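What follows is upload-v9.csv (CSV, C-alpha atoms).
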```csv
chain,number,residue,atom,x,y,z
T,742,MET,CA,-8.3,14.4,-50.8
T,743,ASP,CA,-10.5,11.3,-50.8
T,744,LYS,CA,-11.9,9.5,-47.8
T,745,HIS,CA,-9.3,6.7,-48.1
T,746,SER,CA,-6.4,9.1,-47.8
T,747,LEU,CA,-8.0,10.9,-44.8
T,748,SER,CA,-8.4,7.6,-43.0
T,749,THR,CA,-4.8,6.6,-43.7
T,750,THR,CA,-3.5,9.9,-42.5
T,751,SER,CA,-5.6,9.7,-39.3
T,752,ASP,CA,-4.3,6.2,-38.5
T,753,ALA,CA,-0.8,7.2,-39.0
T,754,ASP,CA,-1.2,10.2,-36.7
T,755,GLU,CA,-2.3,8.1,-33.8
T,756,PRO,CA,0.4,7.9,-31.1
T,757,GLN,CA,2.2,4.6,-30.9
T,758,PRO,CA,4.0,3.2,-27.8
T,759,ARG,CA,7.6,4.4,-28.0
T,760,ASN,CA,9.3,1.8,-25.8
T,761,PRO,CA,8.9,-1.7,-24.5
T,762,PHE,CA,7.4,-0.5,-21.2
T,763,GLN,CA,4.6,1.5,-22.9
T,764,ARG,CA,3.9,-1.4,-25.2
T,765,LEU,CA,3.6,-3.7,-22.2
T,766,TYR,CA,1.2,-1.3,-20.4
T,767,VAL,CA,-1.0,-0.9,-23.5
T,768,ALA,CA,-1.1,-4.7,-23.9
T,769,PHE,CA,-2.9,-5.0,-20.6
T,770,GLU,CA,-5.4,-2.1,-21.1
T,771,SER,CA,-8.1,-4.3,-22.6
T,772,PRO,CA,-10.5,-6.0,-20.1
T,773,GLY,CA,-9.9,-9.4,-21.5
T,774,ARG,CA,-6.2,-9.3,-21.0
T,775,ARG,CA,-6.6,-7.9,-17.5
T,776,ARG,CA,-8.9,-10.7,-16.6
T,777,ALA,CA,-6.4,-13.2,-18.0
T,778,LEU,CA,-3.6,-11.6,-16.0
T,779,HIS,CA,-5.8,-11.7,-12.8
T,780,ALA,CA,-6.4,-15.4,-13.3
T,781,VAL,CA,-2.7,-16.1,-13.7
T,782,ILE,CA,-1.8,-14.1,-10.6
T,783,ILE,CA,-4.5,-15.8,-8.5
T,784,ALA,CA,-3.3,-19.2,-9.7
T,785,ALA,CA,0.3,-18.3,-8.8
T,786,LEU,CA,-0.7,-17.1,-5.4
T,787,ILE,CA,-2.5,-20.4,-4.7
T,788,VAL,CA,0.3,-22.7,-5.7
T,789,MET,CA,3.3,-20.7,-4.6
T,790,PRO,CA,3.6,-22.0,-1.0
T,791,TRP,CA,3.6,-25.6,-2.3
T,792,ILE,CA,6.4,-25.1,-4.7
T,793,SER,CA,8.7,-22.9,-2.6
T,794,SER,CA,10.5,-23.2,0.7
T,795,GLN,CA,9.2,-22.0,4.0
T,796,TYR,CA,11.7,-19.1,3.9
T,797,THR,CA,10.3,-18.0,0.5
T,798,THR,CA,6.8,-18.3,1.9
T,799,VAL,CA,7.6,-16.0,4.8
T,800,ILE,CA,9.2,-13.4,2.5
T,801,LEU,CA,6.2,-13.5,0.1
T,802,THR,CA,3.9,-13.1,3.1
T,803,ASN,CA,5.8,-9.9,4.1
T,804,ALA,CA,5.5,-8.7,0.5
T,805,LEU,CA,1.7,-9.2,0.5
T,806,LEU,CA,1.6,-7.3,3.8
T,807,TYR,CA,3.4,-4.4,2.0
T,808,VAL,CA,0.9,-4.6,-0.8
T,809,VAL,CA,-2.0,-3.9,1.6
T,810,LEU,CA,0.0,-1.1,3.2
T,811,CYS,CA,1.1,0.4,-0.1
T,812,LEU,CA,-2.4,0.3,-1.6
T,813,GLY,CA,-3.6,2.2,1.5
T,814,LEU,CA,-0.9,4.9,1.3
T,815,ASN,CA,-1.6,5.1,-2.5
T,816,ILE,CA,-5.1,6.3,-1.7
T,817,VAL,CA,-3.6,9.1,0.4
T,818,VAL,CA,-0.6,10.0,-1.8
T,819,GLY,CA,-1.5,8.7,-5.3
T,820,TYR,CA,-5.3,9.5,-5.4
T,821,ALA,CA,-5.6,12.6,-3.2
T,822,GLY,CA,-2.1,13.9,-3.6
T,823,LEU,CA,-1.3,14.2,0.2
T,824,LEU,CA,2.3,13.7,1.2
T,825,ASP,CA,2.2,11.4,4.3
T,826,LEU,CA,5.5,10.7,6.1
T,827,GLY,CA,3.9,9.0,9.2
T,828,TYR,CA,1.8,6.3,7.7
T,829,ALA,CA,3.3,3.7,10.0
T,830,ALA,CA,1.4,5.3,12.8
T,831,PHE,CA,-1.9,3.8,11.6
T,832,PHE,CA,-0.1,0.5,11.1
T,833,ALA,CA,0.9,0.7,14.8
T,834,VAL,CA,-2.6,1.7,15.9
T,835,GLY,CA,-4.1,-1.4,14.3
T,836,ALA,CA,-1.4,-3.7,15.7
T,837,TYR,CA,-1.5,-2.4,19.2
T,838,THR,CA,-5.2,-2.1,19.5
T,839,ALA,CA,-5.7,-5.7,18.4
T,840,GLY,CA,-2.7,-6.9,20.5
T,841,ILE,CA,-3.9,-5.1,23.7
T,842,LEU,CA,-7.5,-6.4,23.4
T,843,THR,CA,-6.6,-10.0,22.7
T,844,GLN,CA,-3.5,-10.4,24.9
T,845,GLN,CA,-4.5,-8.3,27.9
T,846,PHE,CA,-8.3,-8.4,27.9
T,847,GLY,CA,-8.9,-11.8,26.4
T,848,VAL,CA,-11.1,-10.4,23.6
T,849,ASN,CA,-11.7,-12.7,20.6
T,850,PHE,CA,-9.4,-11.7,17.7
T,851,TRP,CA,-12.3,-11.3,15.2
T,852,ALA,CA,-14.3,-9.2,17.7
T,853,ALA,CA,-11.2,-7.0,18.3
T,854,ILE,CA,-10.9,-6.1,14.6
T,855,PRO,CA,-13.8,-3.6,14.5
T,856,PHE,CA,-12.4,-1.8,17.5
T,857,ALA,CA,-8.9,-1.6,15.9
T,858,LEU,CA,-10.4,-0.2,12.7
T,859,MET,CA,-12.5,2.4,14.7
T,860,ALA,CA,-9.3,3.4,16.6
T,861,ALA,CA,-7.4,3.9,13.3
T,862,ALA,CA,-10.3,5.9,11.8
T,863,LEU,CA,-10.6,8.0,14.9
T,864,ALA,CA,-6.8,8.7,14.8
T,865,GLY,CA,-7.2,9.7,11.2
T,866,VAL,CA,-9.9,12.2,12.0
T,867,ILE,CA,-8.1,13.6,15.0
T,868,ILE,CA,-4.9,14.2,13.2
T,869,GLY,CA,-6.4,14.9,9.8
T,870,GLY,CA,-9.3,17.2,10.7
T,871,PRO,CA,-7.1,20.2,11.8
T,872,THR,CA,-4.1,19.5,9.6
T,873,LEU,CA,-5.4,18.7,6.2
T,874,ARG,CA,-6.1,22.3,5.6
T,875,LEU,CA,-2.3,22.6,5.3
T,876,ARG,CA,-0.5,21.9,2.0
T,877,SER,CA,2.7,20.4,0.7
T,878,ASP,CA,5.7,20.5,3.1
T,879,TYR,CA,3.6,21.6,6.1
T,880,LEU,CA,1.4,18.6,5.8
T,881,ALA,CA,4.4,16.3,5.4
T,882,ILE,CA,6.0,17.7,8.6
T,883,VAL,CA,2.8,17.3,10.6
T,884,THR,CA,2.3,13.7,9.5
T,885,LEU,CA,5.9,12.9,10.3
T,886,GLY,CA,5.4,14.3,13.8
T,887,PHE,CA,2.3,12.3,14.2
T,888,GLY,CA,4.1,9.1,13.3
T,889,GLU,CA,6.8,9.8,15.9
T,890,ILE,CA,4.3,10.7,18.6
T,891,VAL,CA,2.5,7.4,18.2
T,892,ARG,CA,5.8,5.5,18.3
T,893,PHE,CA,7.1,7.3,21.4
T,894,SER,CA,3.7,6.9,23.1
T,895,ALA,CA,3.8,3.1,22.5
T,896,ARG,CA,7.4,3.1,23.9
T,897,ASN,CA,6.4,4.9,27.2
T,898,LEU,CA,2.9,3.7,28.0
T,899,GLU,CA,2.5,0.7,30.3
T,900,ILE,CA,-0.5,-0.7,28.5
T,901,THR,CA,1.5,-1.1,25.3
T,902,GLY,CA,4.3,-2.9,27.1
T,903,GLY,CA,6.8,0.0,27.0
T,904,ALA,CA,10.0,-0.5,25.0
T,905,SER,CA,9.6,-4.3,25.1
T,906,GLY,CA,6.2,-4.2,23.4
T,907,LEU,CA,3.6,-6.9,23.6
T,908,SER,CA,4.4,-10.6,23.4
T,909,GLN,CA,2.4,-13.9,23.3
T,910,ILE,CA,-0.4,-12.4,21.2
T,911,PRO,CA,-2.8,-15.3,20.7
T,912,GLU,CA,-3.2,-16.7,17.2
T,913,PRO,CA,-6.7,-16.6,15.7
T,914,SER,CA,-8.9,-19.4,14.6
T,915,LEU,CA,-11.8,-19.5,12.1
T,916,PHE,CA,-14.5,-22.2,12.1
T,917,GLY,CA,-12.1,-24.7,13.7
T,918,TRP,CA,-9.2,-23.7,11.4
T,919,HIS,CA,-6.3,-22.6,13.7
T,920,ILE,CA,-4.2,-20.1,11.8
T,921,ASP,CA,-0.7,-20.7,13.0
T,922,SER,CA,1.6,-21.9,10.3
T,923,SER,CA,3.5,-19.8,7.7
T,924,ILE,CA,1.3,-21.2,4.9
T,925,ASP,CA,-1.8,-20.3,6.8
T,926,PHE,CA,-0.7,-16.7,7.3
T,927,TYR,CA,0.4,-16.6,3.6
T,928,TYR,CA,-3.1,-17.3,2.5
T,929,VAL,CA,-4.6,-14.8,4.9
T,930,PHE,CA,-2.4,-12.0,3.6
T,931,ALA,CA,-3.0,-13.1,0.0
T,932,VAL,CA,-6.8,-12.7,0.6
T,933,LEU,CA,-6.2,-9.4,2.2
T,934,ALA,CA,-4.1,-8.2,-0.7
T,935,VAL,CA,-6.8,-9.3,-3.2
T,936,LEU,CA,-9.5,-7.5,-1.2
T,937,ALA,CA,-7.3,-4.4,-0.9
T,938,TYR,CA,-6.8,-4.4,-4.7
T,939,ILE,CA,-10.5,-4.7,-5.4
T,940,ALA,CA,-11.4,-2.0,-2.9
T,941,SER,CA,-8.7,0.3,-4.3
T,942,GLN,CA,-10.0,-0.2,-7.9
T,943,ARG,CA,-13.6,0.4,-6.8
T,944,LEU,CA,-12.6,3.6,-5.0
T,945,PHE,CA,-10.7,4.8,-8.0
T,946,ASP,CA,-13.7,4.4,-10.3
T,947,SER,CA,-16.1,5.9,-7.8
T,948,ARG,CA,-17.4,9.5,-7.5
T,949,LEU,CA,-15.2,10.0,-4.5
T,950,GLY,CA,-12.2,8.8,-6.6
T,951,ARG,CA,-12.9,11.5,-9.2
T,952,ALA,CA,-13.1,14.1,-6.4
T,953,TRP,CA,-9.7,13.0,-5.2
T,954,LEU,CA,-8.4,13.4,-8.7
T,955,TYR,CA,-9.7,16.9,-9.0
T,956,VAL,CA,-8.4,17.9,-5.6
T,957,ARG,CA,-5.0,16.4,-6.4
T,958,HIS,CA,-4.6,18.4,-9.6
T,959,ASP,CA,-6.0,21.8,-8.4
T,960,GLU,CA,-7.6,22.3,-4.9
T,961,ASP,CA,-8.8,25.8,-5.7
T,962,ALA,CA,-10.5,24.8,-8.9
T,963,ALA,CA,-12.0,21.7,-7.3
T,964,GLU,CA,-13.4,23.9,-4.5
T,965,ALA,CA,-14.8,26.3,-7.0
T,966,MET,CA,-16.7,23.4,-8.6
T,967,GLY,CA,-18.4,22.6,-5.3
T,968,ILE,CA,-16.0,19.9,-3.9
T,969,ASN,CA,-15.3,20.3,-0.2
T,970,ARG,CA,-11.6,19.8,-0.4
T,971,VAL,CA,-11.1,19.3,3.4
T,972,THR,CA,-13.8,16.6,3.6
T,973,THR,CA,-12.6,14.9,0.5
T,974,LYS,CA,-9.0,14.8,1.7
T,975,LEU,CA,-10.1,13.7,5.2
T,976,ALA,CA,-12.0,10.8,3.5
T,977,ALA,CA,-8.8,9.7,1.8
T,978,TYR,CA,-6.8,10.0,5.0
T,979,VAL,CA,-9.3,7.9,7.0
T,980,ILE,CA,-9.7,5.2,4.4
T,981,GLY,CA,-5.9,5.0,4.1
T,982,ALA,CA,-5.7,4.7,7.9
T,983,ILE,CA,-8.1,1.8,7.8
T,984,PHE,CA,-6.0,0.0,5.2
T,985,GLY,CA,-2.9,0.5,7.4
T,986,ALA,CA,-4.8,-0.7,10.5
T,987,ILE,CA,-5.8,-3.9,8.7
T,988,GLY,CA,-2.2,-4.6,7.9
T,989,GLY,CA,-1.2,-4.0,11.5
T,990,ILE,CA,-3.9,-6.2,13.0
T,991,PHE,CA,-2.8,-9.3,11.1
T,992,PHE,CA,0.9,-8.4,11.4
T,993,SER,CA,0.6,-8.5,15.2
T,994,VAL,CA,-1.0,-12.0,15.2
T,995,ASN,CA,1.4,-13.3,12.5
T,996,LEU,CA,4.5,-12.4,14.6
T,997,GLY,CA,2.9,-13.0,18.0
T,998,ALA,CA,4.8,-10.0,19.3
T,999,ILE,CA,5.2,-6.3,18.4
T,1000,SER,CA,7.4,-3.5,19.6
T,1001,PRO,CA,7.6,0.2,18.9
T,1002,GLU,CA,10.6,-0.3,16.6
T,1003,SER,CA,8.4,-2.2,14.2
T,1004,PHE,CA,6.6,1.1,13.4
T,1005,SER,CA,9.6,3.5,13.0
T,1006,PHE,CA,10.0,6.3,10.5
T,1007,GLN,CA,11.9,3.9,8.3
T,1008,GLN,CA,8.7,1.8,7.8
T,1009,SER,CA,6.9,4.9,6.6
T,1010,VAL,CA,9.7,5.7,4.2
T,1011,LEU,CA,9.8,2.2,2.8
T,1012,ILE,CA,6.0,2.2,2.2
T,1013,LEU,CA,6.2,5.6,0.5
T,1014,LEU,CA,9.2,4.5,-1.5
T,1015,ALA,CA,7.3,1.5,-2.9
T,1016,VAL,CA,4.4,3.8,-3.9
T,1017,VAL,CA,6.6,6.3,-5.6
T,1018,LEU,CA,8.8,3.6,-7.2
T,1019,GLY,CA,5.9,1.7,-8.7
T,1020,GLY,CA,4.0,4.7,-9.9
T,1021,MET,CA,1.7,6.9,-7.7
T,1022,GLY,CA,-2.0,6.4,-8.4
T,1023,LYS,CA,-1.4,3.3,-10.6
T,1024,ILE,CA,-2.5,0.2,-8.7
T,1025,PRO,CA,-0.4,-2.4,-10.7
T,1026,GLY,CA,2.6,-0.1,-10.3
T,1027,VAL,CA,2.1,0.2,-6.5
T,1028,ILE,CA,1.9,-3.6,-6.2
T,1029,LEU,CA,5.0,-4.0,-8.2
T,1030,GLY,CA,6.8,-1.4,-6.1
T,1031,ALA,CA,5.8,-3.3,-2.9
T,1032,PHE,CA,7.3,-6.5,-4.2
T,1033,ILE,CA,10.5,-4.8,-5.3
T,1034,VAL,CA,11.0,-3.1,-1.9
T,1035,VAL,CA,10.6,-6.4,0.0
T,1036,LEU,CA,12.1,-8.9,-2.5
T,1037,GLY,CA,15.0,-6.7,-3.7
T,1038,PRO,CA,17.2,-7.0,-0.6
T,1039,GLU,CA,16.5,-10.7,-0.3
T,1040,LEU,CA,17.6,-11.4,-3.9
T,1041,LEU,CA,20.8,-9.6,-3.2
T,1042,ARG,CA,21.8,-11.5,0.0
T,1043,ASP,CA,24.7,-13.1,-1.8
T,1044,PHE,CA,26.4,-9.7,-1.8
T,1045,GLY,CA,26.5,-9.7,2.1
T,1046,THR,CA,27.0,-6.3,3.7
T,1047,LEU,CA,27.0,-4.6,0.3
T,1048,ARG,CA,23.4,-5.7,-0.6
T,1049,LEU,CA,21.7,-2.6,0.7
T,1050,LEU,CA,24.2,-0.3,-1.0
T,1051,ILE,CA,23.7,-2.2,-4.3
T,1052,PHE,CA,19.9,-2.1,-3.8
T,1053,ALA,CA,20.0,1.7,-3.2
T,1054,VAL,CA,22.0,2.2,-6.4
T,1055,LEU,CA,19.5,0.1,-8.3
T,1056,LEU,CA,16.6,2.2,-6.9
T,1057,LEU,CA,18.5,5.4,-7.9
T,1058,LEU,CA,18.9,4.1,-11.4
T,1059,ILE,CA,15.2,3.3,-11.6
T,1060,MET,CA,14.3,6.8,-10.4
T,1061,LEU,CA,16.7,8.3,-13.0
T,1062,PHE,CA,15.3,6.4,-16.0
T,1063,ARG,CA,11.7,6.1,-14.8
T,1064,PRO,CA,11.1,9.4,-12.8
T,1065,SER,CA,7.3,8.8,-12.9
T,1066,GLY,CA,7.6,5.2,-11.6
T,1067,ILE,CA,7.9,1.8,-13.2
T,1068,TRP,CA,4.2,1.7,-14.1
T,1069,PRO,CA,3.1,5.3,-14.0
T,1070,GLU,CA,-0.4,6.6,-14.3
T,1071,LYS,CA,-1.5,7.3,-17.9
T,1072,ARG,CA,-1.7,11.0,-18.5
T,1073,SER,CA,-3.8,12.6,-21.2
```
Target encoding structure tokens, full file:
Amino acid sequence: MDKHSLSTTSDADEPQPRNPFQRLYVAFESPGRRRALHAVIIAALIVMPWISSQYTTVILTNALLYVVLCLGLNIVVGYAGLLDLGYAAFFAVGAYTAGILTQQFGVNFWAAIPFALMAAALAGVIIGGPTLRLRSDYLAIVTLGFGEIVRFSARNLEITGGASGLSQIPEPSLFGWHIDSSIDFYYVFAVLAVLAYIASQRLFDSRLGRAWLYVRHDEDAAEAMGINRVTTKLAAYVIGAIFGAIGGIFFSVNLGAISPESFSFQQSVLILLAVVLGGMGKIPGVILGAFIVVLGPELLRDFGTLRLLIFAVLLLLIMLFRPSGIWPEKRS
């Protein structure tokens, strides 16, 4: 057999995308196409508030908040393989710490941010240190309990405002720019979402990201290779907590009021749903899942009381036909 026939056979044997979804994913694998897609998305984010209604701007702001939260949970669930059912707890820690410092102690908003992040990181270490030695269902139960403990503590403590929560949280200002309108907060959350995307991608490509990958696939083999699985998982848990706290900090000043019911178990489930629906470990998929979870019920408002039922059926169909997520991680 000559060289030409060998080359032809080799090209024919290369796996080709089997469906439109795979062809779309492959189309954006090259750096040039990714940069072009990033430019289009940035341009759309910039012009969107000026071509849409105020209601649409508020909904998109909420979707961008979920992007930040979902990218944080993706570090825990998608990168490190830790099932966390209480992620809203870190969301609450960031919101309440910023709200208490600004509303009750008169601390400047920007000065309160480091304290809120440290509080979330400390909470991550306290709950993660002794429990991340557990695996699978046991870890899920512990994180679920942690989320409920934070919510009930916020409901019963006087400093958190009890069941009524905190109100009249002052709006921030930056170099004379008073952030108070819906468009202002839209751009703030757009910047946060872009920064969260960049940080997630850098973490994925880092040495720590490779350690998370090894631990996720086989903890025992990773430990035999010299990776401290507890420290590696704790790093994912703490970094994910910081992402959640950032979302909570700006969520509190956006609404101007927070209550324990804003951080219920349902919030943790919705964030986890977005990560699983989009594709665990795949950043574009997680972002897509966040937008679907937020925008889906809004697009079905014409169906009235049936909209949530219809949305649930659509999610079920997506899970049946795309069990690994809409944009799953590429497997070798």
Inset, instruction - Go through T:Ile910, T:Ala962, T:Ala982, T:Ala833 one by one, measure the shortest atom-to-atom distance of each to Ile868 in chain T using all atoms listed in the file, and give the residue with the smallest value. - result: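 Closest candidate: T:Ala982.
Residues lying within 10 Å of range 901-908 of chain T, counting all atoms listed in the file and ignoring same-chain neighbours fewer than 3 positions away, are Ala836, Tyr837, Thr838, Gly840, Ile841, Gln844, Gln845, Arg892, Phe893, Ser894, Ala895, Arg896, Asn897, Leu898, Pro911, Ser993, Val994, Leu996, Gly997, Ala998, Ile999, Ser1000, Pro1001, Glu1002 and Ser1003 of chain T.
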Could the residues in this selection be saved with C-alpha atoms as a tab-separated table (two decimals), in the coordinates of the input?
```
chain	number	residue	atom	x	y	z
T	836	ALA	CA	-1.40	-3.70	15.70
T	837	TYR	CA	-1.50	-2.40	19.20
T	838	THR	CA	-5.20	-2.10	19.50
T	840	GLY	CA	-2.70	-6.90	20.50
T	841	ILE	CA	-3.90	-5.10	23.70
T	844	GLN	CA	-3.50	-10.40	24.90
T	845	GLN	CA	-4.50	-8.30	27.90
T	892	ARG	CA	5.80	5.50	18.30
T	893	PHE	CA	7.10	7.30	21.40
T	894	SER	CA	3.70	6.90	23.10
T	895	ALA	CA	3.80	3.10	22.50
T	896	ARG	CA	7.40	3.10	23.90
T	897	ASN	CA	6.40	4.90	27.20
T	898	LEU	CA	2.90	3.70	28.00
T	911	PRO	CA	-2.80	-15.30	20.70
T	993	SER	CA	0.60	-8.50	15.20
T	994	VAL	CA	-1.00	-12.00	15.20
T	996	LEU	CA	4.50	-12.40	14.60
T	997	GLY	CA	2.90	-13.00	18.00
T	998	ALA	CA	4.80	-10.00	19.30
T	999	ILE	CA	5.20	-6.30	18.40
T	1000	SER	CA	7.40	-3.50	19.60
T	1001	PRO	CA	7.60	0.20	18.90
T	1002	GLU	CA	10.60	-0.30	16.60
T	1003	SER	CA	8.40	-2.20	14.20
```
Legend entry - One-decimal distance in Å that lies between CA of Asp921 in chain T and CA of Cys811 in chain T: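 Interatomic distance, CA of Cys811 in chain T to CA of Asp921 in chain T: 24.9 Å.
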Legend entry - range 783-786 of chain T surroundings by all atoms listed in the file, 9 Å radius, close-in-sequence under 6 positions cut, as a PyMOL selection string: chain T and resi 928+931+935
Please produce an output containing C-alpha atoms for each residue in the selection, written as an mmCIF file, in the frame of the given file.
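Result file follows (out.cif):
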```
data_model
loop_
_atom_site.group_PDB
_atom_site.id
_atom_site.type_symbol
_atom_site.label_atom_id
_atom_site.label_comp_id
_atom_site.auth_asym_id
_atom_site.auth_seq_id
_atom_site.Cartn_x
_atom_site.Cartn_y
_atom_site.Cartn_z
ATOM 1 C CA TYR T 928 -3.100 -17.300 2.500
ATOM 2 C CA ALA T 931 -3.000 -13.100 0.000
ATOM 3 C CA VAL T 935 -6.800 -9.300 -3.200
#
```
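Pairwise distance (CA of Tyr807 in chain T, CA of Ala986 in chain T) equals 12.4 Å.
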Legend entry - Two-atom distance - CA of Leu944 in chain T, CA of Val971 in chain T (Å):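 Spanning CA of Leu944 in chain T to CA of Val971 in chain T is a straight-line distance of 17.9 Å.
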Inset, instruction - Would you please work out which residue, of T:Val891, T:Ile782, T:Ala976, T:Leu823, is nearest to Gly835 in chain T when using only C-alpha atoms? - result: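 Of all the options, T:Val891 lies closest to Gly835 in chain T.
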Inset, instruction - Tell me which protein, DNA and RNA residues are within 7 Å of Ala1031 in chain T, counting all atoms listed in the file, leaving out same-chain ones fewer than 2 positions away, and put them as an MDAnalysis selection string. - result: chainID T and resid 804 807:808 811 1015 1027:1029 1033:1035
Legend entry - Among listed residues T:Val979, T:Met1021, T:Leu1047, T:Ala952, nearest Ala862 in chain T (using all atoms listed in the file):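 Going through T:Val979, T:Met1021, T:Leu1047, T:Ala952 one by one, the smallest distance to Ala862 in chain T is for T:Val979.
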Inset, instruction - Using all atoms listed in the file, pick whichever of T:Ser1065, T:Thr884, T:Thr798, T:Ser1005 has the shortest atom-to-atom distance to Leu1018 in chain T. - result: T:Ser1065
Legend entry - Nearest to Phe1006 in chain T by atom-to-atom distance, counting only C-alpha atoms, from T:Glu889, T:Arg775, T:Ser793, T:Val788: T:Glu889
Inset, instruction - Tell me which of T:Met966, T:Leu778, T:Leu842, T:Ile787 sits closest to Ile900 in chain T, counting only C-alpha atoms. - result: T:Leu842
Inset, instruction - Name all residues at most 7 Å from Ala977 in chain T (count all atoms listed in the file; drop same-chain ones fewer than 3 positions away) and give them as a list in words. - result: Ile816, Val817, Ala821, Thr973, Lys974, Ile980 and Gly981 of chain T
Inset, instruction - With a distance cut-off of 8 Å and only C-alpha atoms, select the neighbouring residues of Ser941 in chain T, excluding the residue or stretch itself and same-chain residues fewer than 4 positions from it, and output the selection as a list in words. - result: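 The residues that qualify are Leu812, Gly813, Ile816, Ala937, Phe945 and Ile1024 of chain T.
Surrounding residues of (-10.7, -1.5, 16.8) at most 9 Å away are Val834, Gly835, Thr838, Ala839, Leu842, Ala852, Ala853, Ile854, Pro855, Phe856, Ala857, Leu858, Met859, Ala860, Ala861, Ala862 and Ala986 of chain T (based on all atoms listed in the file).
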Saved selection, atoms kept: C-alpha atoms, as a CSV table (one decimal), in the coordinates of the input:
```
chain,number,residue,atom,x,y,z
T,834,VAL,CA,-2.6,1.7,15.9
T,835,GLY,CA,-4.1,-1.4,14.3
T,838,THR,CA,-5.2,-2.1,19.5
T,839,ALA,CA,-5.7,-5.7,18.4
T,842,LEU,CA,-7.5,-6.4,23.4
T,852,ALA,CA,-14.3,-9.2,17.7
T,853,ALA,CA,-11.2,-7.0,18.3
T,854,ILE,CA,-10.9,-6.1,14.6
T,855,PRO,CA,-13.8,-3.6,14.5
T,856,PHE,CA,-12.4,-1.8,17.5
T,857,ALA,CA,-8.9,-1.6,15.9
T,858,LEU,CA,-10.4,-0.2,12.7
T,859,MET,CA,-12.5,2.4,14.7
T,860,ALA,CA,-9.3,3.4,16.6
T,861,ALA,CA,-7.4,3.9,13.3
T,862,ALA,CA,-10.3,5.9,11.8
T,986,ALA,CA,-4.8,-0.7,10.5
```
Kindly output range 1012-1023 of chain T as a tab-separated table (two decimals), in the coordinates of the input, after building N, CA, C and O atoms.
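Output saved as out38.tsv:
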```tsv
chain	number	residue	atom	x	y	z
T	1012	ILE	N	7.34	2.26	2.80
T	1012	ILE	CA	6.00	2.20	2.20
T	1012	ILE	C	5.84	3.26	1.13
T	1012	ILE	O	5.36	3.02	0.02
T	1013	LEU	N	6.27	4.49	1.49
T	1013	LEU	CA	6.20	5.60	0.50
T	1013	LEU	C	7.10	5.34	-0.66
T	1013	LEU	O	6.73	5.64	-1.81
T	1014	LEU	N	8.28	4.77	-0.43
T	1014	LEU	CA	9.20	4.50	-1.50
T	1014	LEU	C	8.57	3.49	-2.50
T	1014	LEU	O	8.71	3.65	-3.72
T	1015	ALA	N	7.89	2.47	-1.98
T	1015	ALA	CA	7.30	1.50	-2.90
T	1015	ALA	C	6.18	2.15	-3.73
T	1015	ALA	O	6.07	1.84	-4.93
T	1016	VAL	N	5.42	3.07	-3.16
T	1016	VAL	CA	4.40	3.80	-3.90
T	1016	VAL	C	4.96	4.63	-5.01
T	1016	VAL	O	4.52	4.60	-6.17
T	1017	VAL	N	5.99	5.41	-4.65
T	1017	VAL	CA	6.60	6.30	-5.60
T	1017	VAL	C	7.37	5.50	-6.69
T	1017	VAL	O	7.34	5.84	-7.88
T	1018	LEU	N	8.06	4.45	-6.26
T	1018	LEU	CA	8.80	3.60	-7.20
T	1018	LEU	C	7.95	2.95	-8.21
T	1018	LEU	O	8.28	2.90	-9.41
T	1019	GLY	N	6.82	2.40	-7.77
T	1019	GLY	CA	5.90	1.70	-8.70
T	1019	GLY	C	5.17	2.64	-9.60
T	1019	GLY	O	4.96	2.35	-10.78
T	1020	GLY	N	4.76	3.78	-9.08
T	1020	GLY	CA	4.00	4.70	-9.90
T	1020	GLY	C	2.77	5.20	-9.07
T	1020	GLY	O	1.81	4.44	-8.94
T	1021	MET	N	2.81	6.42	-8.54
T	1021	MET	CA	1.70	6.90	-7.70
T	1021	MET	C	0.41	6.96	-8.47
T	1021	MET	O	0.36	7.45	-9.60
T	1022	GLY	N	-0.63	6.42	-7.84
T	1022	GLY	CA	-2.00	6.40	-8.40
T	1022	GLY	C	-2.25	5.27	-9.34
T	1022	GLY	O	-3.40	5.08	-9.74
T	1023	LYS	N	-1.25	4.47	-9.68
T	1023	LYS	CA	-1.40	3.30	-10.60
T	1023	LYS	C	-1.35	2.05	-9.73
T	1023	LYS	O	-0.29	1.71	-9.20
```
